[in-house]
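Novice: entry_27.pdb is the file, holding PDB, C-alpha atoms:
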```pdb
ATOM      1  CA  MET A   1      87.915  11.434 -92.450  1.00  0.00           C
ATOM      2  CA  SER A   2      86.320  12.506 -89.164  1.00  0.00           C
ATOM      3  CA  MET A   3      83.924  10.194 -87.388  1.00  0.00           C
ATOM      4  CA  ALA A   4      80.257  11.229 -87.353  1.00  0.00           C
ATOM      5  CA  ALA A   5      78.501  11.832 -84.040  1.00  0.00           C
ATOM      6  CA  ALA A   6      76.231   8.967 -82.952  1.00  0.00           C
ATOM      7  CA  ASN A   7      73.418  11.469 -82.325  1.00  0.00           C
ATOM      8  CA  GLU A   8      73.793  13.515 -85.514  1.00  0.00           C
ATOM      9  CA  ARG A   9      70.177  12.908 -86.573  1.00  0.00           C
ATOM     10  CA  TRP A  10      68.953  14.226 -83.224  1.00  0.00           C
ATOM     11  CA  TRP A  11      71.369  17.162 -83.428  1.00  0.00           C
ATOM     12  CA  ALA A  12      69.612  18.252 -86.609  1.00  0.00           C
ATOM     13  CA  ASN A  13      66.152  18.076 -84.987  1.00  0.00           C
ATOM     14  CA  SER A  14      64.821  21.619 -84.548  1.00  0.00           C
ATOM     15  CA  TYR A  15      62.433  20.637 -81.732  1.00  0.00           C
ATOM     16  CA  LEU A  16      65.291  19.299 -79.627  1.00  0.00           C
ATOM     17  CA  HIS A  17      67.293  22.453 -80.319  1.00  0.00           C
ATOM     18  CA  MET A  18      64.323  24.420 -79.012  1.00  0.00           C
ATOM     19  CA  GLU A  19      64.204  22.291 -75.864  1.00  0.00           C
ATOM     20  CA  ALA A  20      67.897  23.049 -75.302  1.00  0.00           C
ATOM     21  CA  GLU A  21      67.008  26.750 -75.396  1.00  0.00           C
ATOM     22  CA  GLY A  22      64.240  26.314 -72.827  1.00  0.00           C
ATOM     23  CA  TYR A  23      61.098  26.094 -74.948  1.00  0.00           C
ATOM     24  CA  GLN A  24      58.504  24.064 -73.050  1.00  0.00           C
ATOM     25  CA  TYR A  25      55.506  21.927 -73.920  1.00  0.00           C
ATOM     26  CA  ASP A  26      52.364  21.610 -71.806  1.00  0.00           C
ATOM     27  CA  ARG A  27      52.614  18.088 -70.383  1.00  0.00           C
ATOM     28  CA  ARG A  28      49.071  18.270 -68.987  1.00  0.00           C
ATOM     29  CA  ILE A  29      47.663  17.991 -72.490  1.00  0.00           C
ATOM     30  CA  SER A  30      47.704  14.593 -74.158  1.00  0.00           C
ATOM     31  CA  GLY A  31      50.428  14.397 -76.751  1.00  0.00           C
ATOM     32  CA  TRP A  32      52.432  17.303 -75.267  1.00  0.00           C
ATOM     33  CA  SER A  33      50.901  20.058 -77.379  1.00  0.00           C
ATOM     34  CA  LYS A  34      52.035  23.668 -77.465  1.00  0.00           C
ATOM     35  CA  ILE A  35      51.042  25.765 -74.466  1.00  0.00           C
ATOM     36  CA  PRO A  36      47.820  27.747 -75.098  1.00  0.00           C
ATOM     37  CA  ASP A  37      48.411  31.427 -75.802  1.00  0.00           C
ATOM     38  CA  PRO A  38      47.580  33.304 -72.545  1.00  0.00           C
ATOM     39  CA  ASN A  39      46.872  36.648 -74.242  1.00  0.00           C
ATOM     40  CA  PRO A  40      43.768  38.067 -72.484  1.00  0.00           C
ATOM     41  CA  ASP A  41      42.563  39.580 -75.767  1.00  0.00           C
ATOM     42  CA  PRO A  42      40.927  36.734 -77.736  1.00  0.00           C
ATOM     43  CA  LEU A  43      41.324  38.703 -80.971  1.00  0.00           C
ATOM     44  CA  LYS A  44      45.113  38.673 -80.534  1.00  0.00           C
ATOM     45  CA  ARG A  45      45.361  35.121 -79.220  1.00  0.00           C
ATOM     46  CA  ASN A  46      47.097  32.529 -81.360  1.00  0.00           C
ATOM     47  CA  PRO A  47      44.565  29.665 -81.711  1.00  0.00           C
ATOM     48  CA  ARG A  48      47.436  27.222 -82.368  1.00  0.00           C
ATOM     49  CA  GLY A  49      49.126  28.039 -79.069  1.00  0.00           C
ATOM     50  CA  VAL A  50      52.659  29.157 -78.308  1.00  0.00           C
ATOM     51  CA  PHE A  51      55.862  27.825 -76.840  1.00  0.00           C
ATOM     52  CA  ALA A  52      56.676  29.098 -73.353  1.00  0.00           C
ATOM     53  CA  ARG A  53      60.367  29.555 -72.590  1.00  0.00           C
ATOM     54  CA  ASN A  54      61.633  28.577 -69.161  1.00  0.00           C
ATOM     55  CA  GLY A  55      65.152  27.522 -68.256  1.00  0.00           C
ATOM     56  CA  GLY A  56      67.361  25.885 -70.846  1.00  0.00           C
ATOM     57  CA  LEU A  57      70.631  27.401 -71.973  1.00  0.00           C
ATOM     58  CA  MET A  58      71.980  30.086 -74.233  1.00  0.00           C
ATOM     59  CA  VAL A  59      73.413  27.970 -77.041  1.00  0.00           C
ATOM     60  CA  LYS A  60      76.942  29.221 -77.697  1.00  0.00           C
ATOM     61  CA  ARG A  61      78.686  26.399 -79.485  1.00  0.00           C
ATOM     62  CA  ARG A  62      78.658  22.810 -80.664  1.00  0.00           C
ATOM     63  CA  LEU A  63      80.655  20.533 -78.398  1.00  0.00           C
ATOM     64  CA  THR A  64      81.913  17.049 -79.302  1.00  0.00           C
ATOM     65  CA  LEU A  65      82.106  14.551 -76.452  1.00  0.00           C
ATOM     66  CA  ALA A  66      83.966  11.241 -76.407  1.00  0.00           C
ATOM     67  CA  GLU A  67      85.154   8.586 -73.968  1.00  0.00           C
ATOM     68  CA  ASP A  68      87.717  10.906 -72.394  1.00  0.00           C
ATOM     69  CA  ASN A  69      84.893  13.186 -71.194  1.00  0.00           C
ATOM     70  CA  VAL A  70      83.615  12.203 -67.737  1.00  0.00           C
ATOM     71  CA  MET A  71      80.007  13.344 -67.434  1.00  0.00           C
ATOM     72  CA  TYR A  72      78.116  14.471 -64.316  1.00  0.00           C
ATOM     73  CA  ARG A  73      74.544  15.460 -63.548  1.00  0.00           C
ATOM     74  CA  PHE A  74      72.327  16.192 -60.536  1.00  0.00           C
ATOM     75  CA  ALA A  75      69.290  13.916 -60.525  1.00  0.00           C
ATOM     76  CA  ALA A  76      66.407  12.631 -58.382  1.00  0.00           C
ATOM     77  CA  ALA A  77      67.267   9.263 -56.861  1.00  0.00           C
ATOM     78  CA  ARG A  78      63.596   8.213 -56.738  1.00  0.00           C
ATOM     79  CA  PHE A  79      63.555   7.909 -60.532  1.00  0.00           C
ATOM     80  CA  GLY A  80      66.157   5.143 -60.487  1.00  0.00           C
ATOM     81  CA  LYS A  81      65.104   1.677 -61.604  1.00  0.00           C
ATOM     82  CA  LYS A  82      63.058   0.183 -58.766  1.00  0.00           C
ATOM     83  CA  GLY A  83      64.258  -3.090 -57.303  1.00  0.00           C
ATOM     84  CA  ALA A  84      67.577  -2.927 -59.160  1.00  0.00           C
ATOM     85  CA  ARG A  85      71.043  -2.405 -57.742  1.00  0.00           C
ATOM     86  CA  GLY A  86      74.287  -0.811 -58.844  1.00  0.00           C
ATOM     87  CA  ALA A  87      74.580   0.409 -62.420  1.00  0.00           C
ATOM     88  CA  GLU A  88      71.227  -1.120 -63.411  1.00  0.00           C
ATOM     89  CA  HIS A  89      69.453   1.079 -60.853  1.00  0.00           C
ATOM     90  CA  LEU A  90      71.064   4.148 -62.428  1.00  0.00           C
ATOM     91  CA  LEU A  91      70.026   3.445 -66.032  1.00  0.00           C
ATOM     92  CA  PRO A  92      66.918   5.717 -65.985  1.00  0.00           C
ATOM     93  CA  LEU A  93      69.029   8.532 -64.488  1.00  0.00           C
ATOM     94  CA  LEU A  94      71.337   8.404 -67.514  1.00  0.00           C
ATOM     95  CA  ASN A  95      68.447   9.237 -69.828  1.00  0.00           C
ATOM     96  CA  SER A  96      68.626  13.010 -69.604  1.00  0.00           C
ATOM     97  CA  PRO A  97      70.048  15.516 -72.094  1.00  0.00           C
ATOM     98  CA  TRP A  98      71.366  17.779 -69.299  1.00  0.00           C
ATOM     99  CA  TRP A  99      74.977  17.153 -68.234  1.00  0.00           C
ATOM    100  CA  MET A 100      78.222  18.771 -67.084  1.00  0.00           C
ATOM    101  CA  GLU A 101      81.806  17.902 -67.825  1.00  0.00           C
ATOM    102  CA  GLU A 102      84.168  17.035 -64.985  1.00  0.00           C
ATOM    103  CA  ASN A 103      85.915  20.430 -64.927  1.00  0.00           C
ATOM    104  CA  ARG A 104      82.556  22.199 -64.491  1.00  0.00           C
ATOM    105  CA  MET A 105      81.656  19.841 -61.656  1.00  0.00           C
ATOM    106  CA  PHE A 106      84.885  20.690 -59.845  1.00  0.00           C
ATOM    107  CA  LEU A 107      84.279  24.411 -60.457  1.00  0.00           C
ATOM    108  CA  LEU A 108      80.812  24.105 -58.913  1.00  0.00           C
ATOM    109  CA  LEU A 109      82.273  22.332 -55.890  1.00  0.00           C
ATOM    110  CA  SER A 110      84.937  25.033 -55.501  1.00  0.00           C
ATOM    111  CA  ARG A 111      82.372  27.833 -55.629  1.00  0.00           C
ATOM    112  CA  ALA A 112      80.171  26.120 -53.034  1.00  0.00           C
ATOM    113  CA  ARG A 113      83.113  25.943 -50.643  1.00  0.00           C
ATOM    114  CA  GLN A 114      84.137  29.547 -51.305  1.00  0.00           C
ATOM    115  CA  ALA A 115      80.584  30.782 -50.683  1.00  0.00           C
ATOM    116  CA  GLY A 116      80.122  28.573 -47.616  1.00  0.00           C
ATOM    117  CA  VAL A 117      76.892  27.026 -48.925  1.00  0.00           C
ATOM    118  CA  GLY A 118      75.870  23.452 -49.603  1.00  0.00           C
ATOM    119  CA  LEU A 119      76.736  21.875 -52.932  1.00  0.00           C
ATOM    120  CA  VAL A 120      73.068  21.321 -53.848  1.00  0.00           C
ATOM    121  CA  GLU A 121      72.227  24.952 -53.121  1.00  0.00           C
ATOM    122  CA  MET A 122      75.109  26.118 -55.290  1.00  0.00           C
ATOM    123  CA  ALA A 123      73.960  23.777 -58.071  1.00  0.00           C
ATOM    124  CA  ARG A 124      70.456  25.271 -57.875  1.00  0.00           C
ATOM    125  CA  ARG A 125      71.919  28.772 -58.101  1.00  0.00           C
ATOM    126  CA  GLN A 126      74.448  28.180 -60.864  1.00  0.00           C
ATOM    127  CA  LEU A 127      72.534  25.634 -62.950  1.00  0.00           C
ATOM    128  CA  ALA A 128      69.033  27.101 -62.383  1.00  0.00           C
ATOM    129  CA  LEU A 129      67.427  24.019 -60.808  1.00  0.00           C
ATOM    130  CA  PRO A 130      64.134  24.797 -59.006  1.00  0.00           C
ATOM    131  CA  GLU A 131      63.125  22.190 -56.429  1.00  0.00           C
ATOM    132  CA  GLU A 132      59.971  21.443 -58.427  1.00  0.00           C
ATOM    133  CA  TRP A 133      62.173  20.326 -61.331  1.00  0.00           C
ATOM    134  CA  THR A 134      64.510  17.995 -59.475  1.00  0.00           C
ATOM    135  CA  ASP A 135      65.258  16.677 -55.987  1.00  0.00           C
ATOM    136  CA  ALA A 136      68.978  16.970 -56.829  1.00  0.00           C
ATOM    137  CA  ASP A 137      69.651  14.382 -54.116  1.00  0.00           C
ATOM    138  CA  VAL A 138      72.098  12.331 -56.156  1.00  0.00           C
ATOM    139  CA  ILE A 139      75.041  13.091 -58.430  1.00  0.00           C
ATOM    140  CA  VAL A 140      75.516  10.644 -61.286  1.00  0.00           C
ATOM    141  CA  ARG A 141      78.908  10.172 -62.941  1.00  0.00           C
ATOM    142  CA  VAL A 142      79.400   8.127 -66.109  1.00  0.00           C
ATOM    143  CA  HIS A 143      81.802   7.652 -69.021  1.00  0.00           C
ATOM    144  CA  ILE A 144      80.828   7.722 -72.681  1.00  0.00           C
ATOM    145  CA  ARG A 145      81.322   4.351 -74.373  1.00  0.00           C
ATOM    146  CA  PRO A 146      84.624   3.857 -76.226  1.00  0.00           C
ATOM    147  CA  GLY A 147      84.238   4.654 -79.921  1.00  0.00           C
ATOM    148  CA  ILE A 148      81.152   6.842 -79.400  1.00  0.00           C
ATOM    149  CA  LEU A 149      81.164  10.529 -80.305  1.00  0.00           C
ATOM    150  CA  LEU A 150      78.288  12.748 -79.203  1.00  0.00           C
ATOM    151  CA  ALA A 151      77.438  16.253 -80.414  1.00  0.00           C
ATOM    152  CA  ALA A 152      76.089  18.589 -77.751  1.00  0.00           C
ATOM    153  CA  HIS A 153      74.835  22.145 -77.358  1.00  0.00           C
ATOM    154  CA  ALA A 154      76.891  24.073 -74.807  1.00  0.00           C
ATOM    155  CA  GLY A 155      76.413  27.440 -73.156  1.00  0.00           C
ATOM    156  CA  PRO A 156      75.406  29.213 -69.945  1.00  0.00           C
ATOM    157  CA  GLY A 157      72.066  28.459 -68.330  1.00  0.00           C
ATOM    158  CA  LEU A 158      69.049  30.764 -68.351  1.00  0.00           C
ATOM    159  CA  THR A 159      66.580  31.757 -65.626  1.00  0.00           C
ATOM    160  CA  ALA A 160      64.210  28.968 -64.571  1.00  0.00           C
ATOM    161  CA  GLU A 161      60.966  29.130 -62.583  1.00  0.00           C
ATOM    162  CA  GLY A 162      59.049  26.298 -60.953  1.00  0.00           C
ATOM    163  CA  GLY A 163      56.660  26.016 -58.016  1.00  0.00           C
ATOM    164  CA  GLY A 164      56.945  29.729 -57.301  1.00  0.00           C
ATOM    165  CA  GLU A 165      60.732  29.462 -57.064  1.00  0.00           C
ATOM    166  CA  ARG A 166      62.899  31.541 -59.380  1.00  0.00           C
ATOM    167  CA  ARG A 167      66.508  30.617 -60.032  1.00  0.00           C
ATOM    168  CA  ILE A 168      68.302  33.405 -61.876  1.00  0.00           C
ATOM    169  CA  ILE A 169      71.390  33.111 -64.023  1.00  0.00           C
ATOM    170  CA  ALA A 170      72.509  36.731 -63.906  1.00  0.00           C
ATOM    171  CA  PRO A 171      73.825  38.032 -67.265  1.00  0.00           C
ATOM    172  CA  GLU A 172      75.520  40.922 -65.474  1.00  0.00           C
ATOM    173  CA  THR A 173      77.945  38.479 -63.793  1.00  0.00           C
ATOM    174  CA  PRO A 174      79.308  36.472 -66.739  1.00  0.00           C
ATOM    175  CA  HIS A 175      82.387  35.466 -64.734  1.00  0.00           C
ATOM    176  CA  LEU A 176      80.083  33.343 -62.543  1.00  0.00           C
ATOM    177  CA  LEU A 177      78.377  31.485 -65.380  1.00  0.00           C
ATOM    178  CA  ILE A 178      78.952  27.753 -65.748  1.00  0.00           C
ATOM    179  CA  ASP A 179      78.480  26.209 -69.161  1.00  0.00           C
ATOM    180  CA  GLN A 180      75.908  23.457 -69.304  1.00  0.00           C
ATOM    181  CA  ILE A 181      75.558  20.696 -71.874  1.00  0.00           C
ATOM    182  CA  TYR A 182      72.472  19.470 -73.719  1.00  0.00           C
ATOM    183  CA  ILE A 183      72.940  16.163 -75.583  1.00  0.00           C
ATOM    184  CA  PRO A 184      70.239  15.768 -78.272  1.00  0.00           C
ATOM    185  CA  GLY A 185      68.765  12.279 -78.375  1.00  0.00           C
ATOM    186  CA  LEU A 186      68.382  11.810 -74.625  1.00  0.00           C
ATOM    187  CA  GLY A 187      65.347  12.492 -72.460  1.00  0.00           C
ATOM    188  CA  ARG A 188      61.609  12.157 -73.030  1.00  0.00           C
ATOM    189  CA  HIS A 189      60.801  14.879 -75.522  1.00  0.00           C
ATOM    190  CA  PRO A 190      57.956  13.796 -77.859  1.00  0.00           C
ATOM    191  CA  ALA A 191      60.256  14.278 -80.868  1.00  0.00           C
ATOM    192  CA  LEU A 192      62.274  11.300 -79.616  1.00  0.00           C
ATOM    193  CA  GLY A 193      59.407   8.853 -79.477  1.00  0.00           C
ATOM    194  CA  SER A 194      60.730   6.328 -76.968  1.00  0.00           C
ATOM    195  CA  ALA A 195      64.340   6.372 -78.174  1.00  0.00           C
ATOM    196  CA  GLY A 196      65.842   8.257 -75.220  1.00  0.00           C
ATOM    197  CA  GLN A 197      66.457   5.314 -72.909  1.00  0.00           C
ATOM    198  CA  SER A 198      67.857   3.059 -75.619  1.00  0.00           C
ATOM    199  CA  ASN A 199      70.149   5.893 -76.738  1.00  0.00           C
ATOM    200  CA  ALA A 200      71.402   6.348 -73.184  1.00  0.00           C
ATOM    201  CA  SER A 201      72.199   2.634 -72.945  1.00  0.00           C
ATOM    202  CA  ALA A 202      73.990   2.697 -76.304  1.00  0.00           C
ATOM    203  CA  TRP A 203      76.020   5.869 -75.700  1.00  0.00           C
ATOM    204  CA  PHE A 204      76.973   5.628 -72.018  1.00  0.00           C
ATOM    205  CA  ASP A 205      79.044   2.871 -70.432  1.00  0.00           C
ATOM    206  CA  ALA A 206      76.661   1.847 -67.656  1.00  0.00           C
ATOM    207  CA  ASN A 207      79.410  -0.220 -66.015  1.00  0.00           C
ATOM    208  CA  THR A 208      81.144   3.061 -65.136  1.00  0.00           C
ATOM    209  CA  ALA A 209      77.995   4.708 -63.719  1.00  0.00           C
ATOM    210  CA  VAL A 210      78.377   5.750 -60.089  1.00  0.00           C
ATOM    211  CA  ALA A 211      76.047   7.693 -57.787  1.00  0.00           C
ATOM    212  CA  PHE A 212      77.139  10.082 -55.022  1.00  0.00           C
ATOM    213  CA  ASP A 213      75.167  11.737 -52.253  1.00  0.00           C
ATOM    214  CA  PRO A 214      75.733  15.512 -52.780  1.00  0.00           C
ATOM    215  CA  ASN A 215      74.917  16.176 -49.135  1.00  0.00           C
ATOM    216  CA  ILE A 216      77.762  14.176 -47.602  1.00  0.00           C
ATOM    217  CA  ARG A 217      80.160  16.087 -45.395  1.00  0.00           C
ATOM    218  CA  GLY A 218      83.162  15.720 -47.715  1.00  0.00           C
ATOM    219  CA  LEU A 219      81.412  17.666 -50.490  1.00  0.00           C
ATOM    220  CA  ASN A 220      80.095  20.458 -48.293  1.00  0.00           C
ATOM    221  CA  PRO A 221      81.542  23.258 -46.113  1.00  0.00           C
TER     222      PRO A 221
END
```
Is it possible to express this structure as structure tokens?

Specialist:
Amino acid sequence: MSMAAANERWWANSYLHMEAEGYQYDRRISGWSKIPDPNPDPLKRNPRGVFARNGGLMVKRRLTLAEDNVMYRFAAARFGKKGARGAEHLLPLLNSPWWMEENRMFLLLSRARQAGVGLVEMARRQLALPEEWTDADVIVRVHIRPGILLAAHAGPGLTAEGGGERRIIAPETPHLLIDQIYIPGLGRHPALGSAGQSNASAWFDANTAVAFDPNIRGLNP
């Protein structure tokens, strides 16, 4: 009998699936409501609002992750736990649904070197990470806890816009796409309530969490 994923209930949540595919809420409105319909014709405007799609990934498959999967993500160091050190400082940075496996991280590093650009710039290009969305000034690496299985959405990223910056994942160059991973049950989506951080602590082995500066010379041309 196969072991069930620890996040199976979140996997089945349609709102989290929508977030994986890039559907956004308006965070300026209390309670994170749908974004108001911008149709200039009031007779055609949906009074209940709409979902705007920005970023996310093209869901291709279900991926099962376990302790033998080393996970990486680009994050903003300023969101680490203030006044804490080591793994404890990194705990808030683990609470994100957006990750990469180790082989994708090495592929990203290889492409940055081949193109002669910085690793952060290549991450912004290949993972569609506008500066408004993340500082991307730290890489976090962590192992999944022994005995934990996680179900994830996996597929290539989609175009993202933020702060007037547009990062395009070009469908005409599929050989350059890098699969990204969305782990339902992590993050701060309203469908989670406040469960994201506790899930991150339960699913990731914080003792293995390490942070790297992506701008150091050894990782860049």

Novice: Counting all atoms listed in the file, what is within 8 Å of Gly155 in chain A, bar same-chain residues fewer than 5 positions away, as a list in words?

Specialist: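 Here the qualifying residues turn out to be Leu57, Met58, Val59, Lys60, Arg61, Ile178, Asp179, Gln180 and Ile181 of chain A.
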
Novice: Neighbouring residues of range 189-202 of chain A were defined as those with any atom within 8 Å, considering only C-alpha atoms; residues of the same chain fewer than 5 positions away were excluded. Please report them as a PyMOL selection string.

Specialist: chain A and resi 15-16+31-32+91-92+94-96+145

Novice: Neighbouring residues of Asp137 in chain A were defined as those with any atom within 12 Å, considering all atoms listed in the file; residues of the same chain fewer than 3 positions away were excluded. Please report them as a list in words.

Specialist: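 Everything that qualifies: Arg73, Phe74, Ala75, Ala76, Ala77, Arg78, Phe79, Gly80, Leu93, Gly118, Leu119, Val120, Glu121, Ala123, Arg124, Leu129, Glu131, Trp133, Thr134, Val140, Ala211, Phe212, Asp213, Pro214, Asn215 and Ile216 of chain A.
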
Novice: Nearest to Arg53 in chain A among A:Ala160, A:Ala128, A:Ala112, A:Leu219, with distances taken over all atoms listed in the file: which residue is it?

Specialist: A:Ala160

Novice: So, with only C-alpha atoms as the atoms that count, which of A:Ile169, A:Leu109, A:Leu150, A:Leu90 lies closest to Gly185 in chain A?

Specialist: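 Checking each of A:Ile169, A:Leu109, A:Leu150, A:Leu90 against Gly185 in chain A, counting only C-alpha atoms, the winner is A:Leu150.
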
Novice: Nearest to Ala12 in chain A among A:Met105, A:Ala52, A:Ala152, A:Leu65, with distances taken over all atoms listed in the file: which residue is it?

Specialist: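 Checking each candidate against Ala12 in chain A, we get A:Ala152 as the closest.
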
Novice: List every protein, DNA or RNA residue with an atom no more than 7 Å from (60.4, 25.1, -59.1) in the file's coordinates, counting all atoms listed in the file, and format the result as a list of chain:residue names.

Specialist: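 Residues found, by chain and rising number: A:Pro130, A:Glu131, A:Glu132, A:Trp133, A:Glu161, A:Gly162, A:Gly163, A:Gly164, A:Glu165, A:Arg166.
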
Novice: Export C-alpha atoms of the chosen residues as a CSV table (one decimal), in the coordinates of the input?

Specialist:
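Result went into selection_7.csv, see below:
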```csv
chain,number,residue,atom,x,y,z
A,130,PRO,CA,64.1,24.8,-59.0
A,131,GLU,CA,63.1,22.2,-56.4
A,132,GLU,CA,60.0,21.4,-58.4
A,133,TRP,CA,62.2,20.3,-61.3
A,161,GLU,CA,61.0,29.1,-62.6
A,162,GLY,CA,59.0,26.3,-61.0
A,163,GLY,CA,56.7,26.0,-58.0
A,164,GLY,CA,56.9,29.7,-57.3
A,165,GLU,CA,60.7,29.5,-57.1
A,166,ARG,CA,62.9,31.5,-59.4
```

Novice: As an mmCIF file, keeping the file's coordinate frame, please: range 130-138 of chain A completed to all heavy atoms.

Specialist:
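What follows is the written file out.cif:
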```cif
data_model
loop_
_atom_site.group_PDB
_atom_site.id
_atom_site.type_symbol
_atom_site.label_atom_id
_atom_site.label_comp_id
_atom_site.auth_asym_id
_atom_site.auth_seq_id
_atom_site.Cartn_x
_atom_site.Cartn_y
_atom_site.Cartn_z
ATOM 1 N N PRO A 130 65.171 24.678 -60.034
ATOM 2 C CA PRO A 130 64.134 24.797 -59.006
ATOM 3 C C PRO A 130 63.835 23.435 -58.379
ATOM 4 O O PRO A 130 63.967 22.392 -59.033
ATOM 5 C CB PRO A 130 62.917 25.322 -59.790
ATOM 6 C CG PRO A 130 63.498 25.952 -61.020
ATOM 7 C CD PRO A 130 64.704 25.131 -61.351
ATOM 8 N N GLU A 131 63.420 23.442 -57.122
ATOM 9 C CA GLU A 131 63.125 22.190 -56.429
ATOM 10 C C GLU A 131 62.005 21.414 -57.119
ATOM 11 O O GLU A 131 61.993 20.182 -57.081
ATOM 12 C CB GLU A 131 62.757 22.476 -54.969
ATOM 13 C CG GLU A 131 63.942 22.948 -54.139
ATOM 14 C CD GLU A 131 63.606 23.058 -52.665
ATOM 15 O OE1 GLU A 131 62.620 22.430 -52.224
ATOM 16 O OE2 GLU A 131 64.326 23.771 -51.955
ATOM 17 N N GLU A 132 61.060 22.121 -57.731
ATOM 18 C CA GLU A 132 59.971 21.443 -58.427
ATOM 19 C C GLU A 132 60.490 20.619 -59.605
ATOM 20 O O GLU A 132 59.879 19.629 -60.001
ATOM 21 C CB GLU A 132 58.943 22.461 -58.925
ATOM 22 C CG GLU A 132 57.710 21.827 -59.557
ATOM 23 C CD GLU A 132 56.721 22.852 -60.064
ATOM 24 O OE1 GLU A 132 57.057 23.602 -61.009
ATOM 25 O OE2 GLU A 132 55.600 22.914 -59.520
ATOM 26 N N TRP A 133 61.630 21.008 -60.160
ATOM 27 C CA TRP A 133 62.173 20.326 -61.331
ATOM 28 C C TRP A 133 62.967 19.088 -60.961
ATOM 29 O O TRP A 133 62.975 18.111 -61.699
ATOM 30 C CB TRP A 133 63.064 21.292 -62.124
ATOM 31 C CG TRP A 133 62.306 22.341 -62.865
ATOM 32 C CD1 TRP A 133 61.015 22.728 -62.651
ATOM 33 C CD2 TRP A 133 62.786 23.144 -63.944
ATOM 34 N NE1 TRP A 133 60.665 23.731 -63.504
ATOM 35 C CE2 TRP A 133 61.729 24.012 -64.317
ATOM 36 C CE3 TRP A 133 64.002 23.232 -64.600
ATOM 37 C CZ2 TRP A 133 61.861 24.940 -65.345
ATOM 38 C CZ3 TRP A 133 64.137 24.160 -65.623
ATOM 39 C CH2 TRP A 133 63.084 25.000 -65.992
ATOM 40 N N THR A 134 63.674 19.136 -59.845
ATOM 41 C CA THR A 134 64.510 17.995 -59.475
ATOM 42 C C THR A 134 64.811 17.999 -57.983
ATOM 43 O O THR A 134 64.988 19.056 -57.375
ATOM 44 C CB THR A 134 65.844 17.998 -60.247
ATOM 45 O OG1 THR A 134 66.646 16.879 -59.814
ATOM 46 C CG2 THR A 134 66.625 19.276 -60.039
ATOM 47 N N ASP A 135 64.866 16.805 -57.390
ATOM 48 C CA ASP A 135 65.258 16.677 -55.987
ATOM 49 C C ASP A 135 66.741 16.988 -55.819
ATOM 50 O O ASP A 135 67.173 17.398 -54.742
ATOM 51 C CB ASP A 135 65.001 15.250 -55.491
ATOM 52 C CG ASP A 135 63.528 14.866 -55.547
ATOM 53 O OD1 ASP A 135 62.683 15.777 -55.627
ATOM 54 O OD2 ASP A 135 63.232 13.658 -55.522
ATOM 55 N N ALA A 136 67.528 16.752 -56.865
ATOM 56 C CA ALA A 136 68.978 16.970 -56.829
ATOM 57 C C ALA A 136 69.607 16.293 -55.614
ATOM 58 O O ALA A 136 70.502 16.840 -54.974
ATOM 59 C CB ALA A 136 69.302 18.466 -56.855
ATOM 60 N N ASP A 137 69.140 15.088 -55.290
ATOM 61 C CA ASP A 137 69.651 14.382 -54.116
ATOM 62 C C ASP A 137 70.659 13.294 -54.477
ATOM 63 O O ASP A 137 71.057 12.501 -53.623
ATOM 64 C CB ASP A 137 68.498 13.785 -53.304
ATOM 65 C CG ASP A 137 67.648 12.802 -54.091
ATOM 66 O OD1 ASP A 137 67.800 12.727 -55.332
ATOM 67 O OD2 ASP A 137 66.825 12.102 -53.473
ATOM 68 N N VAL A 138 71.069 13.274 -55.733
ATOM 69 C CA VAL A 138 72.098 12.331 -56.156
ATOM 70 C C VAL A 138 72.887 12.957 -57.307
ATOM 71 O O VAL A 138 72.333 13.680 -58.133
ATOM 72 C CB VAL A 138 71.483 10.974 -56.585
ATOM 73 C CG1 VAL A 138 70.597 11.130 -57.804
ATOM 74 C CG2 VAL A 138 72.571 9.947 -56.861
#
```
